[in-house]
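*Asks:* Just so it is clear, I am handing over upload-v4.tsv, which has TSV, N, CA and C atoms.
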```tsv
chain	number	residue	atom	x	y	z
S	1428	MET	N	86.64	100.85	60.91
S	1428	MET	CA	85.36	100.27	61.28
S	1428	MET	C	84.95	99.15	60.32
S	1429	SER	N	85.28	99.29	59.05
S	1429	SER	CA	84.89	98.23	58.10
S	1429	SER	C	85.64	96.94	58.40
S	1430	GLU	N	86.89	97.04	58.87
S	1430	GLU	CA	87.63	95.82	59.24
S	1430	GLU	C	87.00	95.17	60.47
S	1431	TYR	N	86.59	95.98	61.46
S	1431	TYR	CA	85.91	95.43	62.63
S	1431	TYR	C	84.64	94.69	62.20
S	1432	THR	N	83.91	95.26	61.27
S	1432	THR	CA	82.67	94.66	60.80
S	1432	THR	C	82.93	93.26	60.25
S	1433	VAL	N	83.97	93.12	59.41
S	1433	VAL	CA	84.31	91.82	58.83
S	1433	VAL	C	84.76	90.85	59.91
S	1434	VAL	N	85.68	91.30	60.76
S	1434	VAL	CA	86.23	90.42	61.80
S	1434	VAL	C	85.13	89.96	62.76
S	1435	LEU	N	84.33	90.90	63.25
S	1435	LEU	CA	83.28	90.53	64.19
S	1435	LEU	C	82.23	89.64	63.55
S	1436	GLU	N	81.91	89.88	62.29
S	1436	GLU	CA	80.95	89.03	61.58
S	1436	GLU	C	81.47	87.59	61.51
S	1437	ARG	N	82.73	87.44	61.16
S	1437	ARG	CA	83.29	86.09	61.06
S	1437	ARG	C	83.40	85.42	62.43
S	1438	TYR	N	83.94	86.15	63.41
S	1438	TYR	CA	84.01	85.57	64.76
S	1438	TYR	C	82.62	85.13	65.21
S	1439	ASN	N	81.64	86.02	65.12
S	1439	ASN	CA	80.31	85.72	65.63
S	1439	ASN	C	79.60	84.64	64.83
S	1440	THR	N	79.86	84.54	63.55
S	1440	THR	CA	79.27	83.47	62.74
S	1440	THR	C	79.73	82.11	63.25
S	1441	VAL	N	81.03	81.97	63.45
S	1441	VAL	CA	81.56	80.69	63.95
S	1441	VAL	C	81.11	80.45	65.39
S	1442	LEU	N	81.16	81.46	66.22
S	1442	LEU	CA	80.73	81.29	67.61
S	1442	LEU	C	79.26	80.89	67.68
S	1443	ASP	N	78.43	81.48	66.83
S	1443	ASP	CA	77.01	81.06	66.78
S	1443	ASP	C	76.88	79.59	66.40
S	1444	GLU	N	77.65	79.16	65.41
S	1444	GLU	CA	77.60	77.76	64.98
S	1444	GLU	C	78.02	76.83	66.11
S	1445	LEU	N	78.97	77.26	66.91
S	1445	LEU	CA	79.48	76.42	67.99
S	1445	LEU	C	78.59	76.43	69.23
S	1446	PHE	N	78.03	77.60	69.58
S	1446	PHE	CA	77.46	77.76	70.91
S	1446	PHE	C	76.04	78.30	70.99
S	1447	ALA	N	75.35	78.49	69.88
S	1447	ALA	CA	74.00	79.08	69.91
S	1447	ALA	C	73.12	78.34	70.91
S	1448	GLY	N	72.47	79.09	71.78
S	1448	GLY	CA	71.54	78.51	72.75
S	1448	GLY	C	72.19	77.84	73.93
S	1449	ALA	N	73.50	78.00	74.08
S	1449	ALA	CA	74.21	77.31	75.17
S	1449	ALA	C	74.97	78.32	76.03
S	1450	ASP	N	75.41	77.86	77.18
S	1450	ASP	CA	76.32	78.65	78.00
S	1450	ASP	C	77.75	78.38	77.53
S	1451	VAL	N	78.60	79.38	77.71
S	1451	VAL	CA	80.01	79.24	77.37
S	1451	VAL	C	80.85	79.72	78.55
S	1452	TYR	N	82.09	79.26	78.56
S	1452	TYR	CA	83.10	79.83	79.43
S	1452	TYR	C	83.92	80.79	78.58
S	1453	VAL	N	84.14	81.98	79.10
S	1453	VAL	CA	85.05	82.93	78.50
S	1453	VAL	C	86.23	83.01	79.44
S	1454	ILE	N	87.38	82.56	78.95
S	1454	ILE	CA	88.58	82.47	79.78
S	1454	ILE	C	89.59	83.48	79.26
S	1455	THR	N	90.06	84.34	80.15
S	1455	THR	CA	91.04	85.36	79.77
S	1455	THR	C	92.24	85.27	80.69
S	1456	PRO	N	93.45	85.41	80.13
S	1456	PRO	CA	94.67	85.35	80.93
S	1456	PRO	C	95.18	86.75	81.28
S	1457	LEU	N	95.91	86.83	82.37
S	1457	LEU	CA	96.65	88.02	82.73
S	1457	LEU	C	98.05	87.55	83.13
S	1458	TRP	N	99.06	88.02	82.40
S	1458	TRP	CA	100.44	87.58	82.62
S	1458	TRP	C	101.16	88.57	83.51
S	1459	THR	N	101.85	88.05	84.56
S	1459	THR	CA	102.61	88.91	85.46
S	1459	THR	C	103.88	88.20	85.90
S	1460	THR	N	104.70	88.93	86.63
S	1460	THR	CA	105.88	88.32	87.27
S	1460	THR	C	105.61	88.10	88.76
S	1461	GLU	N	104.40	88.36	89.19
S	1461	GLU	CA	104.01	88.22	90.60
S	1461	GLU	C	103.09	87.03	90.79
S	1462	VAL	N	103.30	86.27	91.87
S	1462	VAL	CA	102.45	85.13	92.16
S	1462	VAL	C	101.05	85.59	92.57
S	1463	GLU	N	100.95	86.76	93.21
S	1463	GLU	CA	99.65	87.25	93.66
S	1463	GLU	C	98.87	87.82	92.48
S	1464	VAL	N	97.57	87.62	92.55
S	1464	VAL	CA	96.68	88.21	91.54
S	1464	VAL	C	96.69	89.72	91.78
S	1465	PRO	N	96.94	90.51	90.75
S	1465	PRO	CA	97.00	91.97	90.94
S	1465	PRO	C	95.73	92.51	91.58
S	1466	SER	N	95.89	93.40	92.56
S	1466	SER	CA	94.73	93.94	93.27
S	1466	SER	C	93.85	94.77	92.34
S	1467	SER	N	94.42	95.28	91.25
S	1467	SER	CA	93.63	96.07	90.30
S	1467	SER	C	92.67	95.19	89.50
S	1468	GLN	N	92.91	93.89	89.51
S	1468	GLN	CA	92.07	92.96	88.76
S	1468	GLN	C	90.87	92.57	89.61
S	1469	ALA	N	89.70	92.59	89.01
S	1469	ALA	CA	88.49	92.21	89.74
S	1469	ALA	C	88.61	90.77	90.22
S	1470	VAL	N	88.16	90.52	91.43
S	1470	VAL	CA	88.19	89.17	92.00
S	1470	VAL	C	87.16	88.29	91.28
S	1471	THR	N	86.09	88.89	90.81
S	1471	THR	CA	85.04	88.14	90.13
S	1471	THR	C	85.62	87.41	88.92
S	1472	GLY	N	85.39	86.14	88.88
S	1472	GLY	CA	85.84	85.36	87.75
S	1472	GLY	C	87.24	84.77	87.90
S	1473	TYR	N	87.94	85.08	89.00
S	1473	TYR	CA	89.27	84.50	89.16
S	1473	TYR	C	89.15	82.99	89.23
S	1474	TRP	N	89.98	82.29	88.45
S	1474	TRP	CA	89.92	80.84	88.41
S	1474	TRP	C	91.16	80.24	89.05
S	1475	GLN	N	92.32	80.50	88.47
S	1475	GLN	CA	93.55	79.94	89.02
S	1475	GLN	C	94.76	80.65	88.43
S	1476	SER	N	95.91	80.44	89.07
S	1476	SER	CA	97.17	80.99	88.58
S	1476	SER	C	98.12	79.84	88.30
S	1477	LEU	N	98.89	80.01	87.23
S	1477	LEU	CA	99.85	78.99	86.81
S	1477	LEU	C	101.24	79.59	86.76
S	1478	LEU	N	102.21	78.85	87.27
S	1478	LEU	CA	103.60	79.25	87.12
S	1478	LEU	C	104.03	78.77	85.74
S	1479	VAL	N	104.32	79.69	84.86
S	1479	VAL	CA	104.64	79.35	83.48
S	1479	VAL	C	106.14	79.21	83.28
S	1480	GLU	N	106.89	80.12	83.86
S	1480	GLU	CA	108.36	80.09	83.72
S	1480	GLU	C	108.95	80.13	85.12
S	1481	ASP	N	109.54	79.00	85.57
S	1481	ASP	CA	110.08	78.88	86.92
S	1481	ASP	C	111.57	79.18	86.90
S	1482	ASP	N	111.89	80.45	86.79
S	1482	ASP	CA	113.28	80.89	86.77
S	1482	ASP	C	113.79	81.01	88.20
S	1483	PRO	N	115.05	80.64	88.47
S	1483	PRO	CA	115.59	80.80	89.82
S	1483	PRO	C	115.55	82.25	90.31
S	1484	ASP	N	115.65	83.19	89.39
S	1484	ASP	CA	115.58	84.60	89.73
S	1484	ASP	C	114.11	85.02	89.73
S	1485	PRO	N	113.57	85.38	90.91
S	1485	PRO	CA	112.14	85.73	90.99
S	1485	PRO	C	111.72	86.83	90.01
S	1486	GLU	N	112.65	87.69	89.65
S	1486	GLU	CA	112.34	88.78	88.73
S	1486	GLU	C	111.96	88.27	87.34
S	1487	PHE	N	112.38	87.04	87.01
S	1487	PHE	CA	112.12	86.49	85.69
S	1487	PHE	C	111.10	85.36	85.69
S	1488	ARG	N	110.45	85.11	86.84
S	1488	ARG	CA	109.38	84.13	86.87
S	1488	ARG	C	108.14	84.73	86.20
S	1489	THR	N	107.39	83.87	85.54
S	1489	THR	CA	106.20	84.34	84.86
S	1489	THR	C	104.99	83.53	85.33
S	1490	TYR	N	103.93	84.25	85.65
S	1490	TYR	CA	102.69	83.63	86.09
S	1490	TYR	C	101.57	84.02	85.12
S	1491	CYS	N	100.67	83.08	84.91
S	1491	CYS	CA	99.49	83.35	84.11
S	1491	CYS	C	98.29	83.20	85.04
S	1492	HIS	N	97.59	84.30	85.30
S	1492	HIS	CA	96.39	84.30	86.13
S	1492	HIS	C	95.20	84.17	85.19
S	1493	LEU	N	94.39	83.16	85.42
S	1493	LEU	CA	93.25	82.88	84.54
S	1493	LEU	C	91.94	83.31	85.20
S	1494	PHE	N	91.12	83.96	84.40
S	1494	PHE	CA	89.81	84.40	84.83
S	1494	PHE	C	88.78	83.74	83.93
S	1495	ALA	N	87.77	83.13	84.53
S	1495	ALA	CA	86.76	82.41	83.76
S	1495	ALA	C	85.38	82.87	84.20
S	1496	THR	N	84.57	83.17	83.23
S	1496	THR	CA	83.17	83.50	83.52
S	1496	THR	C	82.29	82.60	82.66
S	1497	ARG	N	81.20	82.20	83.26
S	1497	ARG	CA	80.21	81.40	82.53
S	1497	ARG	C	79.06	82.33	82.18
S	1498	ARG	N	78.65	82.29	80.92
S	1498	ARG	CA	77.60	83.18	80.48
S	1498	ARG	C	76.82	82.54	79.36
S	1499	PRO	N	75.57	82.94	79.17
S	1499	PRO	CA	74.84	82.46	78.01
S	1499	PRO	C	75.43	83.10	76.75
S	1500	TRP	N	75.54	82.28	75.70
S	1500	TRP	CA	76.06	82.83	74.44
S	1500	TRP	C	74.93	83.50	73.68
S	1501	TRP	N	75.21	84.69	73.19
S	1501	TRP	CA	74.37	85.35	72.19
S	1501	TRP	C	75.28	86.21	71.34
S	1502	ARG	N	74.92	86.31	70.09
S	1502	ARG	CA	75.72	87.03	69.10
S	1502	ARG	C	76.01	88.45	69.59
S	1503	GLY	N	77.28	88.79	69.63
S	1503	GLY	CA	77.70	90.13	70.03
S	1503	GLY	C	78.02	90.28	71.50
S	1504	CYS	N	77.79	89.25	72.32
S	1504	CYS	CA	77.96	89.40	73.76
S	1504	CYS	C	79.40	89.61	74.20
S	1505	ILE	N	80.37	89.26	73.37
S	1505	ILE	CA	81.77	89.49	73.73
S	1505	ILE	C	82.49	90.32	72.67
S	1506	ASP	N	81.74	91.14	71.94
S	1506	ASP	CA	82.35	91.95	70.89
S	1506	ASP	C	83.47	92.86	71.41
S	1507	GLU	N	83.31	93.40	72.61
S	1507	GLU	CA	84.36	94.26	73.16
S	1507	GLU	C	85.66	93.48	73.33
S	1508	LEU	N	85.58	92.27	73.87
S	1508	LEU	CA	86.75	91.42	74.01
S	1508	LEU	C	87.33	91.08	72.64
S	1509	LEU	N	86.48	90.74	71.68
S	1509	LEU	CA	86.96	90.39	70.34
S	1509	LEU	C	87.64	91.57	69.66
S	1510	ARG	N	87.16	92.79	69.89
S	1510	ARG	CA	87.84	93.98	69.36
S	1510	ARG	C	89.21	94.14	69.99
S	1511	ASP	N	89.29	93.92	71.32
S	1511	ASP	CA	90.59	94.02	72.00
S	1511	ASP	C	91.57	92.97	71.49
S	1512	ILE	N	91.07	91.80	71.17
S	1512	ILE	CA	91.92	90.76	70.61
S	1512	ILE	C	92.41	91.17	69.23
S	1513	ALA	N	91.52	91.69	68.39
S	1513	ALA	CA	91.90	92.14	67.05
S	1513	ALA	C	92.93	93.27	67.12
S	1514	ASP	N	92.84	94.10	68.16
S	1514	ASP	CA	93.78	95.21	68.34
S	1514	ASP	C	95.04	94.81	69.12
S	1515	GLU	N	95.17	93.52	69.44
S	1515	GLU	CA	96.30	92.97	70.18
S	1515	GLU	C	96.45	93.56	71.58
S	1516	LYS	N	95.33	93.96	72.18
S	1516	LYS	CA	95.32	94.41	73.57
S	1516	LYS	C	95.18	93.23	74.51
S	1517	VAL	N	94.58	92.15	74.01
S	1517	VAL	CA	94.37	90.92	74.77
S	1517	VAL	C	94.84	89.76	73.91
S	1518	ALA	N	95.51	88.81	74.52
S	1518	ALA	CA	95.94	87.61	73.80
S	1518	ALA	C	95.71	86.40	74.70
S	1519	GLY	N	95.36	85.30	74.08
S	1519	GLY	CA	95.23	84.05	74.82
S	1519	GLY	C	93.84	83.77	75.37
S	1520	ALA	N	92.84	84.53	74.97
S	1520	ALA	CA	91.48	84.28	75.44
S	1520	ALA	C	90.91	83.04	74.76
S	1521	LEU	N	90.06	82.33	75.46
S	1521	LEU	CA	89.38	81.15	74.94
S	1521	LEU	C	87.90	81.26	75.21
S	1522	ILE	N	87.10	80.78	74.27
S	1522	ILE	CA	85.66	80.66	74.46
S	1522	ILE	C	85.37	79.18	74.27
S	1523	ALA	N	84.74	78.56	75.27
S	1523	ALA	CA	84.53	77.11	75.23
S	1523	ALA	C	83.15	76.74	75.72
S	1524	ASP	N	82.65	75.61	75.23
S	1524	ASP	CA	81.40	75.09	75.78
S	1524	ASP	C	81.68	74.59	77.19
S	1525	THR	N	80.64	74.36	77.95
S	1525	THR	CA	80.82	74.01	79.36
S	1525	THR	C	81.41	72.62	79.57
S	1526	ARG	N	81.44	71.81	78.52
S	1526	ARG	CA	82.09	70.50	78.62
S	1526	ARG	C	83.52	70.55	78.06
S	1527	MET	N	83.92	71.72	77.57
S	1527	MET	CA	85.26	71.94	77.01
S	1527	MET	C	85.54	71.02	75.82
S	1528	GLN	N	84.51	70.77	75.01
S	1528	GLN	CA	84.68	69.94	73.82
S	1528	GLN	C	84.81	70.77	72.55
S	1529	ARG	N	84.39	72.00	72.62
S	1529	ARG	CA	84.52	72.93	71.49
S	1529	ARG	C	85.16	74.20	72.03
S	1530	ILE	N	86.28	74.57	71.44
S	1530	ILE	CA	87.03	75.72	71.92
S	1530	ILE	C	87.31	76.64	70.75
S	1531	HIS	N	87.05	77.92	70.96
S	1531	HIS	CA	87.34	78.96	69.96
S	1531	HIS	C	88.47	79.82	70.53
S	1532	TYR	N	89.56	79.91	69.79
S	1532	TYR	CA	90.74	80.67	70.23
S	1532	TYR	C	90.98	81.81	69.23
S	1533	PRO	N	90.37	82.98	69.50
S	1533	PRO	CA	90.55	84.10	68.57
S	1533	PRO	C	91.89	84.80	68.79
S	1534	TYR	N	92.45	85.30	67.72
S	1534	TYR	CA	93.67	86.10	67.78
S	1534	TYR	C	93.60	87.14	66.68
S	1535	ASP	N	94.51	88.11	66.74
S	1535	ASP	CA	94.48	89.15	65.71
S	1535	ASP	C	94.71	88.49	64.36
S	1536	GLY	N	93.77	88.67	63.47
S	1536	GLY	CA	93.89	88.10	62.13
S	1536	GLY	C	93.20	86.77	61.93
S	1537	GLY	N	92.56	86.21	62.95
S	1537	GLY	CA	91.88	84.95	62.73
S	1537	GLY	C	91.50	84.25	64.02
S	1538	ALA	N	91.31	82.94	63.92
S	1538	ALA	CA	90.94	82.14	65.07
S	1538	ALA	C	91.26	80.68	64.79
S	1539	ASP	N	91.57	79.95	65.83
S	1539	ASP	CA	91.67	78.50	65.76
S	1539	ASP	C	90.43	77.94	66.43
S	1540	VAL	N	89.91	76.86	65.88
S	1540	VAL	CA	88.72	76.23	66.43
S	1540	VAL	C	89.06	74.77	66.68
S	1541	PHE	N	88.87	74.33	67.91
S	1541	PHE	CA	89.12	72.95	68.30
S	1541	PHE	C	87.77	72.29	68.52
S	1542	LEU	N	87.53	71.19	67.80
S	1542	LEU	CA	86.23	70.53	67.84
S	1542	LEU	C	86.38	69.10	68.34
S	1543	ALA	N	85.25	68.50	68.69
S	1543	ALA	CA	85.24	67.18	69.31
S	1543	ALA	C	85.66	66.07	68.35
S	1544	THR	N	85.36	66.22	67.06
S	1544	THR	CA	85.69	65.16	66.11
S	1544	THR	C	86.29	65.76	64.84
S	1545	SER	N	87.02	64.95	64.12
S	1545	SER	CA	87.59	65.42	62.85
S	1545	SER	C	86.48	65.66	61.82
S	1546	GLU	N	85.39	64.91	61.92
S	1546	GLU	CA	84.26	65.11	61.00
S	1546	GLU	C	83.63	66.49	61.22
S	1547	GLU	N	83.46	66.85	62.47
S	1547	GLU	CA	82.90	68.17	62.79
S	1547	GLU	C	83.84	69.27	62.30
S	1548	ARG	N	85.12	69.06	62.49
S	1548	ARG	CA	86.13	70.01	62.00
S	1548	ARG	C	86.03	70.18	60.49
S	1549	ASP	N	85.95	69.06	59.78
S	1549	ASP	CA	85.89	69.12	58.32
S	1549	ASP	C	84.63	69.81	57.82
S	1550	ARG	N	83.51	69.57	58.48
S	1550	ARG	CA	82.26	70.24	58.07
S	1550	ARG	C	82.38	71.76	58.26
S	1551	MET	N	82.95	72.17	59.37
S	1551	MET	CA	83.11	73.62	59.60
S	1551	MET	C	84.09	74.21	58.60
S	1552	ARG	N	85.18	73.53	58.34
S	1552	ARG	CA	86.15	74.01	57.36
S	1552	ARG	C	85.49	74.17	56.00
S	1553	ASP	N	84.69	73.20	55.60
S	1553	ASP	CA	84.04	73.25	54.29
S	1553	ASP	C	83.00	74.37	54.21
S	1554	ARG	N	82.30	74.65	55.31
S	1554	ARG	CA	81.30	75.73	55.31
S	1554	ARG	C	81.96	77.10	55.14
S	1555	HIS	N	83.21	77.21	55.56
S	1555	HIS	CA	83.89	78.51	55.53
S	1555	HIS	C	85.16	78.46	54.68
S	1556	ALA	N	85.16	77.64	53.66
S	1556	ALA	CA	86.34	77.48	52.81
S	1556	ALA	C	86.79	78.79	52.19
S	1557	ASP	N	85.86	79.68	51.89
S	1557	ASP	CA	86.22	80.96	51.27
S	1557	ASP	C	86.95	81.89	52.23
S	1558	TRP	N	86.96	81.58	53.53
S	1558	TRP	CA	87.69	82.38	54.51
S	1558	TRP	C	89.13	81.92	54.67
S	1559	LEU	N	89.44	80.73	54.21
S	1559	LEU	CA	90.76	80.14	54.44
S	1559	LEU	C	91.80	80.75	53.51
S	1560	SER	N	93.03	80.72	53.96
S	1560	SER	CA	94.14	81.24	53.17
S	1560	SER	C	94.29	80.44	51.89
S	1561	ARG	N	94.66	81.12	50.83
S	1561	ARG	CA	94.92	80.47	49.54
S	1561	ARG	C	96.39	80.07	49.42
S	1562	HIS	N	97.18	80.44	50.41
S	1562	HIS	CA	98.61	80.11	50.39
S	1562	HIS	C	98.76	78.59	50.47
S	1563	PRO	N	99.67	77.98	49.67
S	1563	PRO	CA	99.82	76.52	49.65
S	1563	PRO	C	100.07	75.90	51.03
S	1564	SER	N	100.75	76.62	51.92
S	1564	SER	CA	101.02	76.05	53.24
S	1564	SER	C	99.91	76.39	54.23
S	1565	GLY	N	98.89	77.12	53.78
S	1565	GLY	CA	97.78	77.45	54.65
S	1565	GLY	C	97.99	78.67	55.52
S	1566	LEU	N	99.10	79.36	55.36
S	1566	LEU	CA	99.38	80.54	56.20
S	1566	LEU	C	98.68	81.77	55.68
```
Is it possible to give me this structure as structure tokens?
*Replies:*
Amino acid sequence: MSEYTVVLERYNTVLDELFAGADVYVITPLWTTEVEVPSSQAVTGYWQSLLVEDDPDPEFRTYCHLFATRRPWWRGCIDELLRDIADEKVAGALIADTRMQRIHYPYDGGADVFLATSEERDRMRDRHADWLSRHPSGL
């Protein structure tokens, strides 16, 4: 639980800085070998499906079904998803502003943040310098 507390605090701190008072898109992928969206998946939020690996053998084709929901951002509103990401139950989720200019890509152990300008990126990096790796290569 103490690790969840740290991870969720950091995720939510950055997400608040990016999206406070705004709507966001929460985009989640579902990977399958079937072109059809699985019937077990809720239709609500279905966005599109992408053929990722076009293998001649249908058994080895890979599809990514994307689900997108638009919601108002508030701290903690996607904590369940963020816990699943930290536990590696979900991978590839994105949280983005409605203009897709700021994107938060959380993964187990951290997050990548894509911003509109290098200046905005540098300001965010400087605000959270103590969270960054001390390894010379940044890993």
*Asks:* Just the number, please: distance in Å from CA of Glu1480 (chain S) to CA of Leu1521 (chain S), one decimal.
*Replies:*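 Atom-to-atom, CA of Glu1480 (chain S) to CA of Leu1521 (chain S), that is 20.9 Å.
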*Asks:* Using only N, CA and C atoms, can you tell me which of S:Glu1515, S:Pro1499, S:Val1540, S:Arg1529 comes closest to Ala1449 (chain S)?
*Replies:*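 Once distances to Ala1449 (chain S) are computed over only N, CA and C atoms, the minimum belongs to S:Pro1499.
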*Asks:* From the set S:Asp1484, S:Leu1445, S:Asp1450, S:Cys1504, which residue has the shortest atom-to-atom contact distance to Ala1543 (chain S), counting only C-alpha atoms?
*Replies:*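 Closest to Ala1543 (chain S) of all the choices is S:Leu1445.
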*Asks:* Provide an axis-aligned box for all listed atoms of region 1463-1466 of chain S, padding each side by 5 Å; report its centre and its edge lengths in Å to one decimal, as AutoDock Vina command-line options.
*Replies:*
```
--center_x 97.4 --center_y 90.8 --center_z 92.2 --size_x 17.1 --size_y 18.0 --size_z 12.9
```
*Asks:* Smallest atom-to-atom distance to Met1527 (chain S): which of S:Met1551, S:Ser1429, S:Leu1442, S:Tyr1452, using only C-alpha atoms?
*Replies:* S:Tyr1452
*Asks:* Go ahead and compute the interatomic distance for atom N of Thr1460 (chain S) and atom N of Tyr1490 (chain S), in Å to one decimal.
*Replies:* 4.8 Å
*Asks:* How close does region 1506-1527 of chain S get to region 1432-1441 of chain S? List, as JSON lines, each residue of region 1506-1527 of chain S within 8 Å, its nearest atom pair and the distance in Å to one decimal, counting only C-alpha atoms.
*Replies:*
```
{"residue": "S:Asp1506", "atom": "CA", "partner": "S:Leu1435", "partner_atom": "CA", "distance": 6.9}
{"residue": "S:Leu1509", "atom": "CA", "partner": "S:Leu1435", "partner_atom": "CA", "distance": 7.2}
{"residue": "S:Arg1510", "atom": "CA", "partner": "S:Leu1435", "partner_atom": "CA", "distance": 7.7}
{"residue": "S:Ala1513", "atom": "CA", "partner": "S:Val1434", "partner_atom": "CA", "distance": 7.9}
```
*Asks:* Suppose you want the space between atom C of Ile1454 (chain S) and CA of Gly1519 (chain S); what is it in Å?
*Replies:* 7.2 Å
*Asks:* If you run DSSP on the backbone, which residues of region 1492-1546 of chain S are strand (DSSP E or B), as a ChimeraX atom specification?
*Replies:* /S:1492-1499,1521-1524,1530-1534,1537-1541
*Asks:* Keeping N, CA and C atoms, export the residues of the selection given above as a short mmCIF file (atom, residue, chain, number, x, y, z; two decimals), in the frame of the given file.
*Replies:*
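In the end it all went to part_14.cif:
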```
data_model
loop_
_atom_site.label_atom_id
_atom_site.label_comp_id
_atom_site.auth_asym_id
_atom_site.auth_seq_id
_atom_site.Cartn_x
_atom_site.Cartn_y
_atom_site.Cartn_z
N HIS S 1492 97.59 84.30 85.30
CA HIS S 1492 96.39 84.30 86.13
C HIS S 1492 95.20 84.17 85.19
N LEU S 1493 94.39 83.16 85.42
CA LEU S 1493 93.25 82.88 84.54
C LEU S 1493 91.94 83.31 85.20
N PHE S 1494 91.12 83.96 84.40
CA PHE S 1494 89.81 84.40 84.83
C PHE S 1494 88.78 83.74 83.93
N ALA S 1495 87.77 83.13 84.53
CA ALA S 1495 86.76 82.41 83.76
C ALA S 1495 85.38 82.87 84.20
N THR S 1496 84.57 83.17 83.23
CA THR S 1496 83.17 83.50 83.52
C THR S 1496 82.29 82.60 82.66
N ARG S 1497 81.20 82.20 83.26
CA ARG S 1497 80.21 81.40 82.53
C ARG S 1497 79.06 82.33 82.18
N ARG S 1498 78.65 82.29 80.92
CA ARG S 1498 77.60 83.18 80.48
C ARG S 1498 76.82 82.54 79.36
N PRO S 1499 75.57 82.94 79.17
CA PRO S 1499 74.84 82.46 78.01
C PRO S 1499 75.43 83.10 76.75
N LEU S 1521 90.06 82.33 75.46
CA LEU S 1521 89.38 81.15 74.94
C LEU S 1521 87.90 81.26 75.21
N ILE S 1522 87.10 80.78 74.27
CA ILE S 1522 85.66 80.66 74.46
C ILE S 1522 85.37 79.18 74.27
N ALA S 1523 84.74 78.56 75.27
CA ALA S 1523 84.53 77.11 75.23
C ALA S 1523 83.15 76.74 75.72
N ASP S 1524 82.65 75.61 75.23
CA ASP S 1524 81.40 75.09 75.78
C ASP S 1524 81.68 74.59 77.19
N ILE S 1530 86.28 74.57 71.44
CA ILE S 1530 87.03 75.72 71.92
C ILE S 1530 87.31 76.64 70.75
N HIS S 1531 87.05 77.92 70.96
CA HIS S 1531 87.34 78.96 69.96
C HIS S 1531 88.47 79.82 70.53
N TYR S 1532 89.56 79.91 69.79
CA TYR S 1532 90.74 80.67 70.23
C TYR S 1532 90.98 81.81 69.23
N PRO S 1533 90.37 82.98 69.50
CA PRO S 1533 90.55 84.10 68.57
C PRO S 1533 91.89 84.80 68.79
N TYR S 1534 92.45 85.30 67.72
CA TYR S 1534 93.67 86.10 67.78
C TYR S 1534 93.60 87.14 66.68
N GLY S 1537 92.56 86.21 62.95
CA GLY S 1537 91.88 84.95 62.73
C GLY S 1537 91.50 84.25 64.02
N ALA S 1538 91.31 82.94 63.92
CA ALA S 1538 90.94 82.14 65.07
C ALA S 1538 91.26 80.68 64.79
N ASP S 1539 91.57 79.95 65.83
CA ASP S 1539 91.67 78.50 65.76
C ASP S 1539 90.43 77.94 66.43
N VAL S 1540 89.91 76.86 65.88
CA VAL S 1540 88.72 76.23 66.43
C VAL S 1540 89.06 74.77 66.68
N PHE S 1541 88.87 74.33 67.91
CA PHE S 1541 89.12 72.95 68.30
C PHE S 1541 87.77 72.29 68.52
#
```
*Asks:* Would you mind listing what lies within 10 Å of Asp1514 (chain S) as a VMD selection string, with only C-alpha atoms counted and same-chain residues fewer than 2 positions away left out?
*Replies:* chain S and resid 1431 1508 to 1512 1516 to 1518 1534 to 1536
*Asks:* Write out as a PyMOL selection string each polymer residue whose atoms come within 12 Å of Val1462 (chain S), counting only C-alpha atoms; drop sequence neighbours fewer than 6 positions from it.
*Replies:* chain S and resi 1475-1481+1485-1492
*Asks:* Nearest to Pro1465 (chain S) among S:Glu1547, S:Glu1430, S:Ala1538, S:Leu1493, with distances taken over only C-alpha atoms: which residue is it?
*Replies:*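 Closest to Pro1465 (chain S) of all the choices is S:Leu1493.
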*Asks:* Residues of chain S in alpha helix (DSSP H) according to DSSP, as a ChimeraX atom specification?
*Replies:* /S:1429-1446,1506-1513,1545-1554
*Asks:* Quick one: everything within 7 Å of Gly1448 (chain S), counting only N, CA and C atoms, minus sequence neighbours fewer than 3 positions away in the same chain. Send it as a list in words.
*Replies:*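 The filter keeps Asp1443, Pro1499, Trp1500 and Trp1501 of chain S.
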